[in-house]
Amino acid sequence: MNQHVVRDPSELIPVVSYARTSEDSKQRDGHGVRYQLRINERIAHEQGCIVVAAYSDNGRSASKEGVLRPGFDRLVADLARGHIDSGQRVDGVVCVADDRLYRRAEDLSRFHAALTSHPGRIHLDPQGVRDPYSQEGLLQAVRSLEVAVTETRVRSRRVSDWHWARAAEGVPHSGPRPFGWQQDRITLHPEEAKLVEQAISDRIAGKAVRAIAADWCDLGVTGTRGGRPNAQTVTQIITAPRVCGYRANRGELLLIPETGQPVRGQWEPIVVPDQWHAVCATFSPGGLYLHRGSGAPRLTGQKRMAPRHLATGLLRCGAQRHDGTVCRGSLCAQKGRSKKSPYVSPAEAAVDAASAGRWRTRRLNGWSSPKIEERRSRRSCCGTAGGPGRWGSRRRGRSSRPSSHAASSAPA
């Protein structure tokens with residue numbers, strides 16, 4: 001008969017407990033971490049220890065980069081400082097398995113450094129007590145990491161193969177339902193399918209995607225997740241191969257090996273393949289659905305590396321200022337002068353005179369004068385406040401003909 005030995009609480013070694021689960025999508029009650037913490041308490045009791053604090057991360061992966069684990073972070077912090085918030089000393093950690101603590105080398109390094117930051121610490125698991133300071137203890141932790149990494153890769157490959165097999169059979173995509181179809185992902189949604197079909201026809205006819213997205217917003221259309229449509233989401237919807245019945249996987253259009261023809265899905269298509277090819281041809285490759293699914297970087301947000309016009313930025317303005325100095329601002333090779341040069345060409349003077357006449361007529365009818373002469377006197381050179389800039393260039397309709405006496409190739 002087993003005899004339970006009652007120990008003095010002062011003789012028990014204080015340890016902290018940790019539990020983690022990767023998924024909790026079914027019951028969502030945290031039963032997995034709760035069971036692990038209960039097992040940790042049993043292990044600690046069998047080894048003459050007492051759990052003084054428990055940490056858990058429910059439904060959080062340890063193999064994916066960037067996933068936050070608040071419980072693990074608190075565990076590492078308390079081990080590093082040697083005590084918990086109440087001031088209770090910590091002499092070890094207990095966990096049901098090493099892969100609950102770490103699955104990446106970075107996490108192993110953090111945990112091991114915090115655990116061994118104070119002398120006399122122990123590591124408990126179902127196999128017993130481990131010495132984290134010994135070479136054997138460190139090798140055991142490294143071997144556990146290798147097993148966890150290998151298991152992660154095998155599981156990732158298994159899931160990838162499973163998705164590919166489903167795609168090869170034409171099974172609809174998993175996840176949230178696609179816009180245009182019912183919850184079964186096979187039957188067309190009557191209103192959304194009409195919107196997609198009309199959007200494809202409008203885009204082929206030359207309509208801007210932003211205009212299509214604006215029309216959808218005016219109609220009160222929302223996405224399958226409740227968001228408002230924009231140009232990017234509309235592009236992804238109308239360029240997805242599913243609209244014509246084709247099946248894609250991981251950014252690639254699946255083909256039948258024997259015939260080389262695209263794999264047909266089991267759902268109802270919205271348009272025919274010719275319409276899908278036609279609408280895809282109206283976009284650059286970087287904006288297509290297949291490009292986004294492949295994981296390739298988007299070609300947006302990049303600054304233009306070369307000047308818009310030849311020699312722009314090399315030539316310098318040579319116009320005379322009112323104080324007698326010469327402007328040396330960057331010259332626009334298209335306009336033949338600096339953006340804010342004080343020089344006014346005869347064509348601009350004629351435009352200003354015509355504008356003054358129109359404003360004079362409007363002033364007689366009760367309109368206020370814009371004080372054209374005062375505005376012209378405020379013109380400065382090379383970026384000083386008060387110049388017309390791009391606004392003045394567009395409103396006055398300045399000539400794009402280069403001015404021979406307003407440019408110089410002298411360096412700044």
# chains A, B, ... in the order shown; residues from 1 in each chain; ligands from 1
>>> residues_around(residues="His112 (chain A)", least_positions_apart="4", cutoff="9 Å", atoms="only C-alpha atoms", output="list of chain:residue names")
A:Val76, A:Asp107, A:Leu108, A:Thr116, A:Ser117, A:Pro132, A:Leu138, A:Ala141
>>> write_last_selection(atoms="all heavy atoms", output="PDB file, in the first residue's frame")
ATOM      1  N   VAL A  76       9.877  33.828 -18.183  1.00  0.00           N
ATOM      2  CA  VAL A  76      11.288  34.156 -18.363  1.00  0.00           C
ATOM      3  C   VAL A  76      11.691  35.329 -17.474  1.00  0.00           C
ATOM      4  O   VAL A  76      12.768  35.328 -16.852  1.00  0.00           O
ATOM      5  CB  VAL A  76      11.572  34.467 -19.848  1.00  0.00           C
ATOM      6  CG1 VAL A  76      12.982  35.004 -20.033  1.00  0.00           C
ATOM      7  CG2 VAL A  76      11.374  33.223 -20.699  1.00  0.00           C
ATOM      8  N   ASP A 107      13.797  31.006 -28.451  1.00  0.00           N
ATOM      9  CA  ASP A 107      13.090  30.798 -27.180  1.00  0.00           C
ATOM     10  C   ASP A 107      13.882  29.901 -26.237  1.00  0.00           C
ATOM     11  O   ASP A 107      13.878  30.115 -25.014  1.00  0.00           O
ATOM     12  CB  ASP A 107      11.712  30.198 -27.438  1.00  0.00           C
ATOM     13  CG  ASP A 107      10.794  31.162 -28.176  1.00  0.00           C
ATOM     14  OD1 ASP A 107      11.044  32.381 -28.091  1.00  0.00           O
ATOM     15  OD2 ASP A 107       9.842  30.703 -28.824  1.00  0.00           O
ATOM     16  N   LEU A 108      14.574  28.883 -26.789  1.00  0.00           N
ATOM     17  CA  LEU A 108      15.410  28.034 -25.949  1.00  0.00           C
ATOM     18  C   LEU A 108      16.529  28.846 -25.302  1.00  0.00           C
ATOM     19  O   LEU A 108      16.829  28.684 -24.114  1.00  0.00           O
ATOM     20  CB  LEU A 108      15.997  26.893 -26.767  1.00  0.00           C
ATOM     21  CG  LEU A 108      17.085  26.058 -26.075  1.00  0.00           C
ATOM     22  CD1 LEU A 108      16.558  25.427 -24.799  1.00  0.00           C
ATOM     23  CD2 LEU A 108      17.636  24.996 -27.028  1.00  0.00           C
ATOM     24  N   THR A 116      19.108  29.433 -15.686  1.00  0.00           N
ATOM     25  CA  THR A 116      20.429  29.251 -15.077  1.00  0.00           C
ATOM     26  C   THR A 116      21.047  30.566 -14.591  1.00  0.00           C
ATOM     27  O   THR A 116      22.243  30.603 -14.294  1.00  0.00           O
ATOM     28  CB  THR A 116      21.378  28.582 -16.089  1.00  0.00           C
ATOM     29  OG1 THR A 116      21.459  29.392 -17.269  1.00  0.00           O
ATOM     30  CG2 THR A 116      20.872  27.204 -16.460  1.00  0.00           C
ATOM     31  N   SER A 117      20.247  31.637 -14.555  1.00  0.00           N
ATOM     32  CA  SER A 117      20.783  32.917 -14.088  1.00  0.00           C
ATOM     33  C   SER A 117      21.060  32.913 -12.591  1.00  0.00           C
ATOM     34  O   SER A 117      21.786  33.772 -12.098  1.00  0.00           O
ATOM     35  CB  SER A 117      19.805  34.050 -14.432  1.00  0.00           C
ATOM     36  OG  SER A 117      18.545  33.835 -13.811  1.00  0.00           O
ATOM     37  N   PRO A 132      19.850  21.659 -15.286  1.00  0.00           N
ATOM     38  CA  PRO A 132      20.049  22.521 -16.463  1.00  0.00           C
ATOM     39  C   PRO A 132      21.472  23.060 -16.582  1.00  0.00           C
ATOM     40  O   PRO A 132      21.849  23.571 -17.644  1.00  0.00           O
ATOM     41  CB  PRO A 132      19.052  23.660 -16.234  1.00  0.00           C
ATOM     42  CG  PRO A 132      18.885  23.731 -14.758  1.00  0.00           C
ATOM     43  CD  PRO A 132      19.026  22.332 -14.264  1.00  0.00           C
ATOM     44  N   LEU A 138      22.005  20.387 -20.899  1.00  0.00           N
ATOM     45  CA  LEU A 138      21.945  21.267 -22.068  1.00  0.00           C
ATOM     46  C   LEU A 138      21.757  20.474 -23.350  1.00  0.00           C
ATOM     47  O   LEU A 138      20.978  20.870 -24.232  1.00  0.00           O
ATOM     48  CB  LEU A 138      23.220  22.099 -22.140  1.00  0.00           C
ATOM     49  CG  LEU A 138      23.325  23.091 -23.308  1.00  0.00           C
ATOM     50  CD1 LEU A 138      22.170  24.084 -23.271  1.00  0.00           C
ATOM     51  CD2 LEU A 138      24.671  23.814 -23.276  1.00  0.00           C
ATOM     52  N   ALA A 141      18.186  19.475 -23.737  1.00  0.00           N
ATOM     53  CA  ALA A 141      17.353  20.580 -24.202  1.00  0.00           C
ATOM     54  C   ALA A 141      17.529  20.798 -25.707  1.00  0.00           C
ATOM     55  O   ALA A 141      16.556  21.050 -26.428  1.00  0.00           O
ATOM     56  CB  ALA A 141      17.704  21.850 -23.439  1.00  0.00           C
TER      57      ALA A 141
END
>>> closest_residue(among="A:Gly251, A:Gly92, A:Gly245, A:Gly226", to="Val263 (chain A)", atoms="only C-alpha atoms")
A:Gly245
>>> residues_around(residues="region 181-191 of chain A", least_positions_apart="4", cutoff="7 Å", atoms="only C-alpha atoms", output="VMD selection string")
chain A and resid 172 177 195 266 to 268
>>> atom_distance(atom1="CA of Asp91 (chain A)", atom2="CA of Arg103 (chain A)")
23.4 Å
>>> atom_distance(atom1="CA of Val272 (chain A)", atom2="CA of Pro241 (chain A)")
10.4 Å
>>> closest_residue(among="A:His277, A:Arg250, A:Arg42, A:Arg155", to="Ala167 (chain A)", atoms="only C-alpha atoms")
A:Arg250
>>> select_by_dssp(residues="region 85-310 of chain A", states="strand (DSSP E or B)", output="compact mmCIF listing (two decimals) with C-alpha atoms, in the first residue's frame")
# COMPACT_ATOMS: atom_id res chain seq x y z
CA ARG A 89 11.70 32.83 -4.42
CA GLY A 92 12.91 25.82 -10.74
CA VAL A 93 10.30 25.23 -13.44
CA VAL A 94 7.95 22.35 -14.24
CA ILE A 122 16.03 22.50 -11.30
CA HIS A 123 13.89 21.56 -14.32
CA LEU A 124 11.03 19.11 -13.77
CA ASP A 125 9.22 17.00 -16.38
CA GLY A 128 11.96 13.42 -13.22
CA VAL A 129 14.45 16.12 -12.21
CA ARG A 130 16.94 17.56 -14.71
CA TRP A 181 -20.63 32.33 -53.20
CA LEU A 188 -23.44 31.28 -56.21
CA TYR A 246 -10.20 27.29 -62.02
CA ALA A 248 -5.26 27.49 -57.54
CA ASN A 249 -3.03 26.49 -54.66
CA GLU A 252 -0.14 28.72 -58.64
CA LEU A 253 -2.81 27.64 -61.09
CA LEU A 255 -2.86 21.91 -64.07
CA PRO A 262 -6.34 23.89 -65.53
CA ARG A 264 -11.76 22.71 -62.59
>>> atom_distance(atom1="CA of Gly87 (chain A)", atom2="CA of Arg121 (chain A)")
16.9 Å
>>> residues_around(residues="Glu46 (chain A)", least_positions_apart="5", cutoff="10 Å", atoms="only C-alpha atoms", output="JSON, numbers by chain")
{"A": [40, 41, 126, 128]}
>>> write_last_selection(atoms="N, CA and C atoms", output="CSV table (one decimal), in the first residue's frame")
chain,number,residue,atom,x,y,z
A,40,ASN,N,1.3,19.2,-14.0
A,40,ASN,CA,2.5,19.9,-13.5
A,40,ASN,C,2.5,19.8,-11.9
A,41,GLU,N,1.3,20.1,-11.4
A,41,GLU,CA,1.2,20.0,-9.9
A,41,GLU,C,1.5,18.7,-9.3
A,126,PRO,N,7.9,15.0,-16.7
A,126,PRO,CA,7.4,13.7,-16.3
A,126,PRO,C,8.5,12.6,-16.1
A,128,GLY,N,11.3,13.2,-14.5
A,128,GLY,CA,12.0,13.4,-13.2
A,128,GLY,C,12.6,14.8,-13.2
>>> select_by_dssp(residues="region 42-283 of chain A", states="helix (DSSP H, G or I)", output="ChimeraX atom specification")
/A:42-46,70-81,98-101,105-115,135-168,190-204,209-218,231-239,241-244,273-280
>>> closest_residue(among="A:Arg104, A:Arg225, A:Arg203, A:Arg81", to="Ser144 (chain A)", atoms="only C-alpha atoms")
A:Arg104
>>> residues_around(residues="Ala114 (chain A)", least_positions_apart="3", cutoff="9 Å", atoms="only C-alpha atoms", output="list in words")
Leu75, Val76, Ala77, Asp78, Leu79, Ala80, Arg81, Gly82, Ser109, Arg110, Phe111, Ser117 and His118 of chain A
>>> residues_around(residues="Gly223 (chain A)", least_positions_apart="4", cutoff="12 Å", atoms="only C-alpha atoms", output="NGL selection string")
:A and (176-181 or 192 or 213 or 216-217 or 227-230 or 233-234 or 236-237)
>>> write_last_selection(atoms="C-alpha atoms", output="PDB file, in the first residue's frame")
ATOM      1  CA  PRO A 176     -13.967  32.284 -44.860  1.00  0.00           C
ATOM      2  CA  ARG A 177     -16.363  31.970 -47.768  1.00  0.00           C
ATOM      3  CA  PRO A 178     -15.247  33.772 -50.930  1.00  0.00           C
ATOM      4  CA  PHE A 179     -17.181  36.827 -52.074  1.00  0.00           C
ATOM      5  CA  GLY A 180     -19.760  35.722 -54.640  1.00  0.00           C
ATOM      6  CA  TRP A 181     -20.628  32.332 -53.195  1.00  0.00           C
ATOM      7  CA  GLU A 192     -22.707  39.210 -54.991  1.00  0.00           C
ATOM      8  CA  ALA A 213     -15.075  49.960 -55.437  1.00  0.00           C
ATOM      9  CA  TRP A 216     -19.956  49.029 -54.316  1.00  0.00           C
ATOM     10  CA  CYS A 217     -19.584  51.314 -51.308  1.00  0.00           C
ATOM     11  CA  GLY A 227     -15.121  45.285 -44.332  1.00  0.00           C
ATOM     12  CA  ARG A 228     -15.786  47.993 -46.913  1.00  0.00           C
ATOM     13  CA  PRO A 229     -14.549  47.215 -50.429  1.00  0.00           C
ATOM     14  CA  ASN A 230     -11.561  49.094 -51.833  1.00  0.00           C
ATOM     15  CA  THR A 233     -10.013  43.884 -52.522  1.00  0.00           C
ATOM     16  CA  VAL A 234     -11.973  44.359 -55.734  1.00  0.00           C
ATOM     17  CA  GLN A 236      -8.317  40.346 -55.770  1.00  0.00           C
ATOM     18  CA  ILE A 237     -11.954  39.311 -56.185  1.00  0.00           C
TER      19      ILE A 237
END
